[in-house]
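Asker: Data: final.txt, compact mmCIF, C-alpha atoms.
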# COMPACT_ATOMS: atom_id res chain seq x y z
CA MET A 118 -9.08 -28.33 11.69
CA THR A 119 -7.39 -25.50 13.49
CA SER A 120 -8.27 -21.94 12.55
CA GLU A 121 -4.64 -20.86 13.03
CA TRP A 122 -2.76 -20.23 9.80
CA PRO A 123 0.31 -22.47 9.41
CA LEU A 124 3.79 -21.20 10.18
CA TRP A 125 6.33 -20.57 7.41
CA GLU A 126 10.10 -20.11 7.57
CA VAL A 127 11.39 -17.23 5.45
CA PHE A 128 14.73 -17.17 3.65
CA ILE A 129 16.02 -13.99 2.01
CA ARG A 130 18.86 -13.64 -0.47
CA SER A 131 20.31 -10.19 0.10
CA GLN A 132 22.54 -9.97 -3.00
CA HIS A 133 23.14 -11.93 -6.16
CA GLY A 134 25.78 -14.55 -5.56
CA LEU A 135 25.00 -14.99 -1.87
CA ALA A 136 23.01 -17.85 -0.38
CA HIS A 137 19.51 -17.42 1.02
CA LYS A 138 19.65 -16.81 4.76
CA HIS A 139 17.01 -17.55 7.34
CA ALA A 140 15.27 -14.27 8.17
CA GLY A 141 12.50 -15.43 10.51
CA SER A 142 9.04 -16.91 10.37
CA LEU A 143 5.45 -15.80 9.80
CA HIS A 144 1.89 -17.06 9.46
CA ALA A 145 0.07 -17.36 6.12
CA PRO A 146 -2.77 -19.50 4.74
CA ASP A 147 -0.77 -20.67 1.71
CA ALA A 148 2.55 -20.35 -0.11
CA ALA A 149 1.58 -17.40 -2.31
CA MET A 150 0.40 -15.37 0.65
CA ALA A 151 3.50 -16.39 2.60
CA VAL A 152 5.72 -14.84 -0.09
CA LYS A 153 3.64 -11.64 -0.01
CA ASN A 154 3.74 -11.47 3.77
CA ALA A 155 7.49 -12.11 3.73
CA ARG A 156 7.89 -9.17 1.39
CA ASP A 157 5.95 -6.96 3.80
CA VAL A 158 7.49 -8.21 7.01
CA TYR A 159 11.13 -8.80 6.03
CA THR A 160 12.13 -6.92 2.87
CA ARG A 161 10.76 -3.41 3.23
CA ARG A 162 14.18 -1.84 3.62
CA ASN A 163 15.77 -3.10 0.46
CA GLU A 164 17.09 -6.25 2.11
CA GLY A 165 16.45 -8.76 -0.61
CA VAL A 166 16.55 -9.86 -4.21
CA SER A 167 14.88 -13.21 -3.66
CA ILE A 168 12.54 -14.84 -1.14
CA TRP A 169 12.03 -18.52 -0.27
CA VAL A 170 9.32 -19.74 2.06
CA VAL A 171 9.08 -23.24 3.51
CA ARG A 172 6.36 -24.71 5.72
CA SER A 173 7.89 -24.91 9.19
CA SER A 174 6.39 -28.38 9.60
CA ASP A 175 8.45 -29.52 6.57
CA VAL A 176 11.74 -28.63 8.22
CA VAL A 177 13.46 -31.69 9.64
CA ALA A 178 15.79 -30.75 12.48
CA SER A 179 18.53 -32.62 14.28
CA SER A 180 17.75 -33.58 17.83
CA PRO A 181 19.53 -31.68 20.63
CA GLY A 182 20.17 -35.06 22.27
CA ASP A 183 22.32 -36.12 19.31
CA ARG A 184 24.57 -33.10 19.64
CA GLU A 185 27.63 -34.94 20.94
CA ALA A 186 27.46 -37.74 18.41
CA LEU A 187 26.94 -35.35 15.50
CA PHE A 188 29.27 -32.48 16.27
CA ASP A 189 31.88 -33.25 18.92
CA PRO A 190 34.05 -35.62 16.83
CA ALA A 191 34.96 -32.77 14.48
CA GLN A 192 36.56 -30.65 17.19
CA SER A 193 40.01 -32.24 17.35
CA LYS A 194 40.48 -32.53 13.59
CA VAL A 195 41.99 -29.22 12.50
CA TYR A 196 42.90 -30.65 9.10
CA ARG A 197 39.20 -30.60 8.23
CA HIS A 198 39.19 -26.83 8.36
CA PRO A 199 40.53 -24.98 5.31
CA THR A 200 42.66 -22.63 7.44
CA PHE A 201 45.98 -23.34 5.69
CA PHE A 202 45.19 -21.54 2.45
CA PRO A 203 46.14 -17.88 2.01
CA MET A 204 43.04 -16.08 0.73
CA PRO A 205 43.38 -13.07 -1.57
CA ASP A 206 41.76 -9.94 -0.10
CA GLU A 207 39.61 -9.52 -3.21
CA VAL A 208 37.63 -12.69 -2.51
CA LYS A 209 34.52 -11.74 -0.56
CA HIS A 210 31.95 -13.69 1.40
CA ILE A 211 34.17 -16.59 2.47
CA MET B 240 -5.32 30.70 -14.47
CA ALA B 241 -3.46 27.52 -15.28
CA ASP B 242 -1.47 27.56 -12.04
CA THR B 243 -4.57 27.74 -9.86
CA GLN B 244 -5.99 24.76 -11.71
CA ARG B 245 -2.75 22.83 -11.51
CA PHE B 246 -2.68 23.53 -7.75
CA GLU B 247 -6.24 22.19 -7.44
CA PHE B 248 -5.35 19.12 -9.45
CA LEU B 249 -2.28 18.38 -7.31
CA LEU B 250 -4.36 18.74 -4.14
CA ARG B 251 -6.77 16.11 -5.46
CA LEU B 252 -3.94 13.64 -5.97
CA GLY B 253 -2.20 14.45 -2.69
CA ASP B 254 -5.30 14.64 -0.50
CA SER B 255 -6.68 11.30 -1.73
CA ASP B 256 -3.38 9.60 -0.87
CA LEU B 257 -3.10 11.42 2.46
CA VAL B 258 -6.63 10.66 3.65
CA LEU B 259 -6.43 7.00 2.64
CA ALA B 260 -3.03 6.73 4.36
CA GLN B 261 -4.62 8.08 7.55
CA ARG B 262 -7.44 5.53 7.30
CA LEU B 263 -4.94 2.68 6.88
CA GLY B 264 -2.96 4.03 9.82
CA GLU B 265 -6.07 3.56 11.96
CA TRP B 266 -5.61 -0.19 11.53
CA VAL B 267 -2.17 -0.23 13.13
CA GLY B 268 -2.26 -2.45 16.18
CA LYS B 269 -5.75 -3.71 15.28
CA GLY B 270 -5.09 -5.79 12.16
CA PRO B 271 -6.64 -9.27 12.02
CA ILE B 272 -3.15 -10.81 12.19
CA LEU B 273 0.34 -9.40 12.67
CA GLU B 274 1.33 -9.86 9.01
CA GLU B 275 -1.74 -7.97 7.73
CA ASP B 276 -1.24 -5.24 10.29
CA ILE B 277 2.26 -4.65 8.92
CA ALA B 278 1.14 -4.93 5.29
CA LEU B 279 -1.61 -2.32 5.76
CA ALA B 280 0.81 0.02 7.47
CA ASN B 281 3.25 -0.44 4.57
CA VAL B 282 0.60 0.48 2.01
CA GLY B 283 -0.40 3.45 4.15
CA LEU B 284 3.21 4.64 4.38
CA ASP B 285 3.63 4.29 0.61
CA LEU B 286 0.59 6.52 0.14
CA LEU B 287 1.81 8.99 2.75
CA GLY B 288 5.13 9.29 0.92
CA GLN B 289 3.30 9.96 -2.33
CA ALA B 290 1.03 12.51 -0.64
CA ARG B 291 4.11 14.37 0.60
CA MET B 292 5.50 14.63 -2.94
CA TRP B 293 2.18 15.83 -4.40
CA LEU B 294 1.51 18.34 -1.62
CA THR B 295 5.07 19.70 -1.66
CA TYR B 296 4.73 20.34 -5.37
CA ALA B 297 1.23 21.77 -4.90
CA GLY B 298 2.67 24.26 -2.40
CA GLU B 299 5.36 25.30 -4.88
CA VAL B 300 2.84 25.72 -7.70
CA GLU B 301 0.57 27.80 -5.46
CA GLY B 302 3.50 30.04 -4.57
CA ALA B 303 1.99 31.26 -1.31
CA GLY B 304 4.69 29.80 0.91
CA ARG B 305 2.72 26.77 2.08
CA ASP B 306 4.70 23.55 2.46
CA GLU B 307 3.42 19.97 2.73
CA ASP B 308 2.75 20.33 6.47
CA ALA B 309 0.82 23.58 6.09
CA LEU B 310 -1.37 21.93 3.46
CA ALA B 311 -1.88 18.70 5.40
CA TYR B 312 -2.45 20.15 8.87
CA ARG B 313 -3.79 23.67 8.40
CA ARG B 314 -6.71 23.17 6.06
CA ASP B 315 -10.29 22.42 7.07
CA VAL B 316 -12.74 19.90 5.62
CA HIS B 317 -14.09 21.98 2.73
CA GLN B 318 -10.52 22.77 1.59
CA PHE B 319 -9.66 19.10 1.15
CA ARG B 320 -9.91 17.75 -2.38
CA ASN B 321 -9.70 13.99 -1.80
CA ALA B 322 -12.07 11.54 -3.46
CA LEU B 323 -15.00 10.53 -1.24
CA LEU B 324 -13.97 6.88 -1.52
CA CYS B 325 -10.77 7.52 0.45
CA GLU B 326 -12.49 9.04 3.48
CA GLN B 327 -14.99 6.22 4.00
CA PRO B 328 -14.56 4.50 7.38
CA ASN B 329 -12.57 1.28 7.71
CA GLY B 330 -15.60 -0.87 8.61
CA ASN B 331 -14.76 -4.56 8.70
CA TYR B 332 -11.83 -6.08 6.82
CA ALA B 333 -13.93 -6.61 3.69
CA ASP B 334 -14.91 -2.90 3.71
CA THR B 335 -11.27 -1.83 3.99
CA THR B 336 -10.33 -4.29 1.24
CA ALA B 337 -13.10 -3.16 -1.13
CA ARG B 338 -12.20 0.52 -0.70
CA GLN B 339 -8.53 -0.26 -1.37
CA PHE B 340 -9.30 -2.51 -4.34
CA LEU B 341 -11.48 0.07 -6.13
CA TYR B 342 -9.00 2.87 -5.43
CA ASP B 343 -5.85 0.88 -6.32
CA HIS B 344 -7.17 -0.08 -9.74
CA TRP B 345 -7.95 3.58 -10.51
CA HIS B 346 -4.72 4.76 -8.91
CA VAL B 347 -2.44 2.60 -11.02
CA LEU B 348 -4.14 3.65 -14.28
CA MET B 349 -3.94 7.30 -13.26
CA LEU B 350 -0.25 7.08 -12.33
CA ARG B 351 0.68 5.28 -15.53
CA ALA B 352 -1.04 8.01 -17.54
CA LEU B 353 0.56 10.74 -15.41
CA GLY B 354 3.92 9.13 -16.16
CA ARG B 355 3.47 10.63 -19.64
CA SER B 356 2.51 14.06 -18.30
CA SER B 357 3.74 17.20 -20.03
CA ASP B 358 4.68 18.40 -16.54
CA GLU B 359 8.05 16.72 -15.89
CA ARG B 360 7.75 16.94 -12.13
CA ILE B 361 4.36 15.20 -12.21
CA ALA B 362 5.71 12.55 -14.58
CA ALA B 363 8.65 11.85 -12.26
CA ILE B 364 6.50 11.54 -9.12
CA ALA B 365 4.02 9.30 -10.95
CA ALA B 366 6.74 6.99 -12.26
CA LYS B 367 8.10 6.53 -8.75
CA ALA B 368 4.68 6.00 -7.20
CA ALA B 369 3.45 3.56 -9.88
CA LYS B 370 5.97 0.91 -8.79
CA GLU B 371 4.54 0.97 -5.27
CA VAL B 372 0.95 0.97 -6.44
CA ASP B 373 1.53 -2.06 -8.71
CA TYR B 374 2.03 -3.99 -5.50
CA HIS B 375 -1.02 -2.41 -3.83
CA VAL B 376 -3.16 -3.60 -6.75
CA GLU B 377 -1.78 -7.11 -6.49
CA ARG B 378 -2.43 -7.25 -2.74
CA SER B 379 -5.94 -5.83 -2.62
CA THR B 380 -7.04 -7.87 -5.66
CA ASP B 381 -5.68 -11.01 -4.04
CA TRP B 382 -7.71 -10.32 -0.89
CA VAL B 383 -10.92 -9.58 -2.79
CA ILE B 384 -10.57 -12.95 -4.52
CA ARG B 385 -9.68 -14.81 -1.33
CA LEU B 386 -12.55 -13.33 0.67
CA GLY B 387 -15.05 -13.44 -2.20
CA ASP B 388 -14.20 -17.03 -3.08
CA GLY B 389 -13.75 -18.03 0.55
CA THR B 390 -16.36 -19.09 3.09
CA ASP B 391 -20.08 -18.24 2.97
CA ILE B 392 -19.58 -15.49 5.53
CA SER B 393 -16.52 -13.94 3.86
CA HIS B 394 -18.32 -14.06 0.48
CA GLU B 395 -21.37 -12.33 1.88
CA ARG B 396 -19.31 -9.60 3.58
CA MET B 397 -17.09 -9.01 0.55
CA GLN B 398 -20.13 -8.62 -1.71
CA ALA B 399 -21.76 -6.23 0.78
CA ALA B 400 -18.53 -4.22 0.96
CA ILE B 401 -18.22 -3.95 -2.84
CA ASP B 402 -21.87 -2.88 -3.08
CA ALA B 403 -21.40 -0.23 -0.37
CA SER B 404 -18.15 1.19 -1.83
CA TRP B 405 -19.26 1.19 -5.46
CA PRO B 406 -21.19 4.51 -5.47
CA TYR B 407 -18.05 6.29 -4.23
CA ALA B 408 -15.83 5.01 -7.05
CA GLY B 409 -17.73 6.66 -9.92
CA GLU B 410 -16.53 10.13 -8.91
CA LEU B 411 -12.98 9.18 -9.92
CA PHE B 412 -13.98 9.22 -13.59
CA VAL B 413 -16.04 12.41 -13.70
CA ALA B 414 -14.06 15.36 -15.04
CA ASP B 415 -14.81 18.97 -14.12
CA ALA B 416 -13.27 22.19 -15.47
CA VAL B 417 -9.98 21.54 -13.65
CA ASP B 418 -9.61 18.04 -15.06
CA GLU B 419 -10.54 19.22 -18.55
CA ALA B 420 -7.93 21.98 -18.40
CA MET B 421 -5.29 19.49 -17.25
CA ALA B 422 -6.18 17.10 -20.06
CA ARG B 423 -6.05 19.91 -22.61
CA ASP B 424 -2.53 20.86 -21.50
CA GLY B 425 -1.37 17.25 -21.57
CA VAL B 426 -0.73 17.36 -17.81
CA ALA B 427 -3.23 14.62 -17.00
CA PRO B 428 -5.30 12.04 -18.87
CA ASP B 429 -8.96 12.37 -19.78
CA LEU B 430 -10.55 10.87 -16.66
CA ALA B 431 -13.41 9.28 -18.57
CA ALA B 432 -10.86 7.33 -20.64
CA LEU B 433 -9.71 5.53 -17.50
CA ALA B 434 -13.19 4.13 -16.87
CA ALA B 435 -13.11 1.32 -19.47
CA PRO B 436 -9.76 -0.25 -18.44
CA TRP B 437 -10.73 0.17 -14.77
CA ARG B 438 -14.03 -1.58 -15.28
CA ALA B 439 -12.35 -4.38 -17.23
CA ALA B 440 -9.79 -5.04 -14.49
CA VAL B 441 -12.30 -4.78 -11.65
CA THR B 442 -14.86 -6.96 -13.43
CA ALA B 443 -12.30 -9.69 -14.12
CA ALA B 444 -11.19 -9.76 -10.48
CA LEU B 445 -14.77 -9.80 -9.20
CA ALA B 446 -15.53 -12.72 -11.52
CA ASP B 447 -12.55 -14.65 -10.08
CA ALA B 448 -13.88 -13.77 -6.64
CA THR B 449 -17.34 -15.16 -7.55
CA LEU B 450 -18.75 -11.70 -6.77
CA VAL B 451 -21.39 -9.76 -8.67
CA VAL B 452 -20.54 -6.42 -10.28
CA PRO B 453 -23.02 -3.81 -9.00
CA THR B 454 -25.39 -2.73 -11.76
CA ASP B 455 -26.28 0.71 -10.47
CA ASP B 456 -23.62 3.18 -11.62
CA TRP B 457 -25.09 6.20 -9.86
CA ALA B 458 -22.10 8.02 -8.41
CA GLN B 459 -21.79 10.01 -5.23
CA ARG B 460 -19.77 13.13 -6.10
CA GLY B 461 -18.24 16.25 -4.62
CA GLY B 462 -15.11 15.20 -2.74
CA ARG B 463 -12.75 16.47 -5.39
CA GLN B 464 -14.55 19.84 -5.26
CA GLY B 465 -14.48 20.05 -1.44
CA LYS B 466 -17.94 18.68 -0.59
CA HIS B 467 -17.36 15.76 1.73
CA THR B 468 -19.23 13.11 3.66
CA GLU B 469 -19.53 13.56 7.43
CA HIS B 470 -16.60 11.19 7.96
CA LEU B 471 -13.78 13.48 6.83
CA GLY B 472 -14.15 16.00 9.65
CA HIS B 473 -13.69 13.30 12.27
CA LEU B 474 -10.65 11.96 10.45
CA LEU B 475 -9.05 15.42 10.27
CA THR B 476 -9.79 16.08 13.95
CA GLU B 477 -7.52 13.21 14.85
CA MET B 478 -4.93 13.73 12.10
CA GLN B 479 -4.52 17.46 12.72
CA PHE B 480 -4.87 17.50 16.51
CA LEU B 481 -1.25 18.08 17.36
CA GLN B 482 -0.65 20.95 14.92
CA ARG B 483 -3.97 22.55 15.90
CA ALA B 484 -3.34 22.32 19.64
CA TYR B 485 0.38 23.07 19.51
CA PRO B 486 1.08 25.04 16.32
CA ASP B 487 4.60 24.53 14.95
CA ALA B 488 5.34 21.91 17.61
CA ARG B 489 8.67 20.17 17.04
CA TRP B 490 10.41 17.28 18.73
Now that the file is in, can you turn its structure into structure tokens?
Answerer:
Amino acid sequence: MTSEWPLWEVFIRSQHGLAHKHAGSLHAPDAAMAVKNARDVYTRRNEGVSIWVVRSSDVVASSPGDREALFDPAQSKVYRHPTFFPMPDEVKHI
Amino acid sequence: MADTQRFEFLLRLGDSDLVLAQRLGEWVGKGPILEEDIALANVGLDLLGQARMWLTYAGEVEGAGRDEDALAYRRDVHQFRNALLCEQPNGNYADTTARQFLYDHWHVLMLRALGRSSDERIAAIAAKAAKEVDYHVERSTDWVIRLGDGTDISHERMQAAIDASWPYAGELFVADAVDEAMARDGVAPDLAALAAPWRAAVTAALADATLVVPTDDWAQRGGRQGKHTEHLGHLLTEMQFLQRAYPDARW
């Protein structure tokens, strides 16, 4: 067993109605301590209303080698992007 | 002389926060891990902010033209009114945790009671500070339980730290003429009345931590009257160096 504490990814929701955003990572022995540490490391300046922490080892990532197969086909298909709708100025966070 | 007593009382609150903040500041860059280093600094900065509010008000009550800086940097050891617990050295992480744990549990009870003070300024400062100290209590209690109920070594060190800090906590509940006058005027609570809820909270946490509550309640006293252990002078030497060497320095 390693004596290093496991790594956690921290997600902060800055306002009600917004999604949690990745803020960074930190070390902690368990989930409860990870939330406390996240509060101390990432939300001291009134940044958040909610914190999520996830074990970094539980994050499944796409492989850089698959980049072309996963993302390139979307480039030439402008009709997939919702750019043809006029958006009212009052609608925020889009 | 109600104002002289109120000044004394405010110094006790402000100096305890200030001295403990300085102690926590000593950990910066030396914490066991980055996250704890930051957390200790945060608690220290909370306490420093509270000390500034208490000392600013103390200066106004005194009416001799001293501001927070004059009170923090231009007084010598015997003029400080902090509790002895706050000036005790950092020791190992269990020592720092025990000191914080015993102080936090007293601090939160004191601030909640001061929130009902007949002095509106004191009530307002206490209400603001109590929110920060709620978190301090949660953090230090969590660490006492983790270290106490951890490995054999962490258990042994946490118990030793509680035993060593215990004699310095009793002073927080012993009222003198100043405290009695404050209680009579409804400015502050009866200190002795805080002892039972403090003991209940501390005992419950120590039980969760599989630690033994010390049985000897003999209390080391004097800090709040200006009689300090040998540690405070060394702390002030460092804290006050700049203002002593370069009075009124600005940058």
Asker: Could I get the residues of chain A with an atom no further than 10 Å from an atom of chain B, each paired with its nearest atom pair and that distance in Å to one decimal, using only C-alpha atoms, sorted by chain and residue number, as JSON lines?
Answerer:
{"residue": "A:Trp122", "atom": "CA", "partner": "B:Ile272", "partner_atom": "CA", "distance": 9.7}
{"residue": "A:Leu143", "atom": "CA", "partner": "B:Glu274", "partner_atom": "CA", "distance": 7.3}
{"residue": "A:His144", "atom": "CA", "partner": "B:Glu274", "partner_atom": "CA", "distance": 7.2}
{"residue": "A:Ala145", "atom": "CA", "partner": "B:Glu274", "partner_atom": "CA", "distance": 8.1}
{"residue": "A:Ala149", "atom": "CA", "partner": "B:Asp381", "partner_atom": "CA", "distance": 9.8}
{"residue": "A:Met150", "atom": "CA", "partner": "B:Asp381", "partner_atom": "CA", "distance": 8.8}
{"residue": "A:Ala151", "atom": "CA", "partner": "B:Glu274", "partner_atom": "CA", "distance": 9.4}
{"residue": "A:Lys153", "atom": "CA", "partner": "B:Arg378", "partner_atom": "CA", "distance": 8.0}
{"residue": "A:Asn154", "atom": "CA", "partner": "B:Glu274", "partner_atom": "CA", "distance": 6.0}
{"residue": "A:Ala155", "atom": "CA", "partner": "B:Glu274", "partner_atom": "CA", "distance": 8.4}
{"residue": "A:Arg156", "atom": "CA", "partner": "B:Ala278", "partner_atom": "CA", "distance": 8.9}
{"residue": "A:Asp157", "atom": "CA", "partner": "B:Ala278", "partner_atom": "CA", "distance": 5.4}
{"residue": "A:Val158", "atom": "CA", "partner": "B:Ile277", "partner_atom": "CA", "distance": 6.6}
{"residue": "A:Arg161", "atom": "CA", "partner": "B:Asn281", "partner_atom": "CA", "distance": 8.2}
Asker: Tell me, in Å to one decimal, how far CA of Asp242 in chain B is from CA of Ala420 in chain B.
Answerer: 10.6 Å
Asker: At what distance in Å, to one decimal, does CA of Gly387 in chain B lie from CA of Ala448 in chain B?
Answerer: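 Computed distance, CA of Ala448 in chain B to CA of Gly387 in chain B, equals 4.6 Å.
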Asker: In Å to one decimal, how far is CA of Pro406 in chain B from CA of Asp456 in chain B?
Answerer: 6.7 Å
Asker: From the list B:Trp490, B:Tyr485, B:Phe246, B:Tyr342, which residue is nearest Val441 in chain B when using only C-alpha atoms?
Answerer: B:Tyr342
Asker: Tell me, as a ChimeraX atom specification, which residues lie within 10 Å of Thr468 in chain B, counting all atoms listed in the file; anything in the same chain fewer than 3 positions away does not count.
Answerer: /B:316,323-324,326-327,459-462,465,471-472
Asker: For range 128-141 of chain A, find every residue with an atom within 8 Å (counting only C-alpha atoms), except residues of its own chain fewer than 3 positions away, and show them as a ChimeraX atom specification.
Answerer: /A:159,164-170,210
Asker: I need the chosen residues saved as a compact mmCIF listing (two decimals), keeping the file's coordinate frame, with C-alpha atoms.
Answerer:
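Okay, this is what ended up in again_9.txt:
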# COMPACT_ATOMS: atom_id res chain seq x y z
CA TYR A 159 11.13 -8.80 6.03
CA GLU A 164 17.09 -6.25 2.11
CA GLY A 165 16.45 -8.76 -0.61
CA VAL A 166 16.55 -9.86 -4.21
CA SER A 167 14.88 -13.21 -3.66
CA ILE A 168 12.54 -14.84 -1.14
CA TRP A 169 12.03 -18.52 -0.27
CA VAL A 170 9.32 -19.74 2.06
CA HIS A 210 31.95 -13.69 1.40
Asker: So that I can see what lies close to Ala414 in chain B, please list as an NGL selection string the residues with an atom at most 12 Å from it, counting only C-alpha atoms and leaving out residues fewer than 2 positions away in the same chain.
Answerer: :B and (248 or 409-412 or 416-423 or 427-434 or 460-461 or 463-464)
Asker: So which residues touch range 173-190 of chain A within 7 Å, counting all atoms listed in the file, skipping near sequence neighbours fewer than 5 positions away, as JSON, numbers by chain?
Answerer: {"A": [124, 125, 126]}
Asker: Can you rebuild range 386-399 of chain B with N, CA, C and O atoms and give it as a PDB file, in the frame of the given file?
Answerer:
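Just written: result02.pdb:
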ATOM      1  N   LEU B 386     -11.363 -13.487  -0.185  1.00  0.00           N
ATOM      2  CA  LEU B 386     -12.550 -13.330   0.670  1.00  0.00           C
ATOM      3  C   LEU B 386     -13.823 -13.633  -0.109  1.00  0.00           C
ATOM      4  O   LEU B 386     -14.748 -14.260   0.412  1.00  0.00           O
ATOM      5  N   GLY B 387     -13.874 -13.192  -1.381  1.00  0.00           N
ATOM      6  CA  GLY B 387     -15.050 -13.440  -2.200  1.00  0.00           C
ATOM      7  C   GLY B 387     -15.244 -14.923  -2.454  1.00  0.00           C
ATOM      8  O   GLY B 387     -16.351 -15.460  -2.339  1.00  0.00           O
ATOM      9  N   ASP B 388     -14.154 -15.604  -2.774  1.00  0.00           N
ATOM     10  CA  ASP B 388     -14.200 -17.030  -3.080  1.00  0.00           C
ATOM     11  C   ASP B 388     -13.789 -17.838  -1.859  1.00  0.00           C
ATOM     12  O   ASP B 388     -13.142 -18.875  -1.978  1.00  0.00           O
ATOM     13  N   GLY B 389     -14.143 -17.356  -0.679  1.00  0.00           N
ATOM     14  CA  GLY B 389     -13.750 -18.030   0.550  1.00  0.00           C
ATOM     15  C   GLY B 389     -14.899 -18.784   1.177  1.00  0.00           C
ATOM     16  O   GLY B 389     -15.505 -19.650   0.545  1.00  0.00           O
ATOM     17  N   THR B 390     -15.240 -18.442   2.412  1.00  0.00           N
ATOM     18  CA  THR B 390     -16.360 -19.090   3.090  1.00  0.00           C
ATOM     19  C   THR B 390     -17.651 -18.349   2.770  1.00  0.00           C
ATOM     20  O   THR B 390     -17.635 -17.281   2.156  1.00  0.00           O
ATOM     21  N   ASP B 391     -18.793 -18.905   3.201  1.00  0.00           N
ATOM     22  CA  ASP B 391     -20.080 -18.240   2.970  1.00  0.00           C
ATOM     23  C   ASP B 391     -20.092 -16.858   3.609  1.00  0.00           C
ATOM     24  O   ASP B 391     -20.563 -15.883   3.024  1.00  0.00           O
ATOM     25  N   ILE B 392     -19.560 -16.770   4.824  1.00  0.00           N
ATOM     26  CA  ILE B 392     -19.580 -15.490   5.530  1.00  0.00           C
ATOM     27  C   ILE B 392     -18.666 -14.475   4.852  1.00  0.00           C
ATOM     28  O   ILE B 392     -19.035 -13.313   4.647  1.00  0.00           O
ATOM     29  N   SER B 393     -17.446 -14.897   4.478  1.00  0.00           N
ATOM     30  CA  SER B 393     -16.520 -13.940   3.860  1.00  0.00           C
ATOM     31  C   SER B 393     -17.056 -13.488   2.497  1.00  0.00           C
ATOM     32  O   SER B 393     -16.918 -12.334   2.109  1.00  0.00           O
ATOM     33  N   HIS B 394     -17.716 -14.407   1.768  1.00  0.00           N
ATOM     34  CA  HIS B 394     -18.320 -14.060   0.480  1.00  0.00           C
ATOM     35  C   HIS B 394     -19.400 -12.992   0.662  1.00  0.00           C
ATOM     36  O   HIS B 394     -19.433 -11.990  -0.054  1.00  0.00           O
ATOM     37  N   GLU B 395     -20.253 -13.241   1.621  1.00  0.00           N
ATOM     38  CA  GLU B 395     -21.370 -12.330   1.880  1.00  0.00           C
ATOM     39  C   GLU B 395     -20.854 -10.938   2.274  1.00  0.00           C
ATOM     40  O   GLU B 395     -21.330  -9.918   1.781  1.00  0.00           O
ATOM     41  N   ARG B 396     -19.846 -10.894   3.133  1.00  0.00           N
ATOM     42  CA  ARG B 396     -19.310  -9.600   3.580  1.00  0.00           C
ATOM     43  C   ARG B 396     -18.558  -8.881   2.466  1.00  0.00           C
ATOM     44  O   ARG B 396     -18.623  -7.660   2.355  1.00  0.00           O
ATOM     45  N   MET B 397     -17.837  -9.643   1.645  1.00  0.00           N
ATOM     46  CA  MET B 397     -17.090  -9.010   0.550  1.00  0.00           C
ATOM     47  C   MET B 397     -18.053  -8.419  -0.466  1.00  0.00           C
ATOM     48  O   MET B 397     -17.837  -7.315  -0.968  1.00  0.00           O
ATOM     49  N   GLN B 398     -19.138  -9.150  -0.768  1.00  0.00           N
ATOM     50  CA  GLN B 398     -20.130  -8.620  -1.710  1.00  0.00           C
ATOM     51  C   GLN B 398     -20.785  -7.360  -1.141  1.00  0.00           C
ATOM     52  O   GLN B 398     -20.948  -6.355  -1.847  1.00  0.00           O
ATOM     53  N   ALA B 399     -21.125  -7.403   0.143  1.00  0.00           N
ATOM     54  CA  ALA B 399     -21.760  -6.230   0.780  1.00  0.00           C
ATOM     55  C   ALA B 399     -20.804  -5.037   0.738  1.00  0.00           C
ATOM     56  O   ALA B 399     -21.231  -3.896   0.518  1.00  0.00           O
TER      57      ALA B 399
END
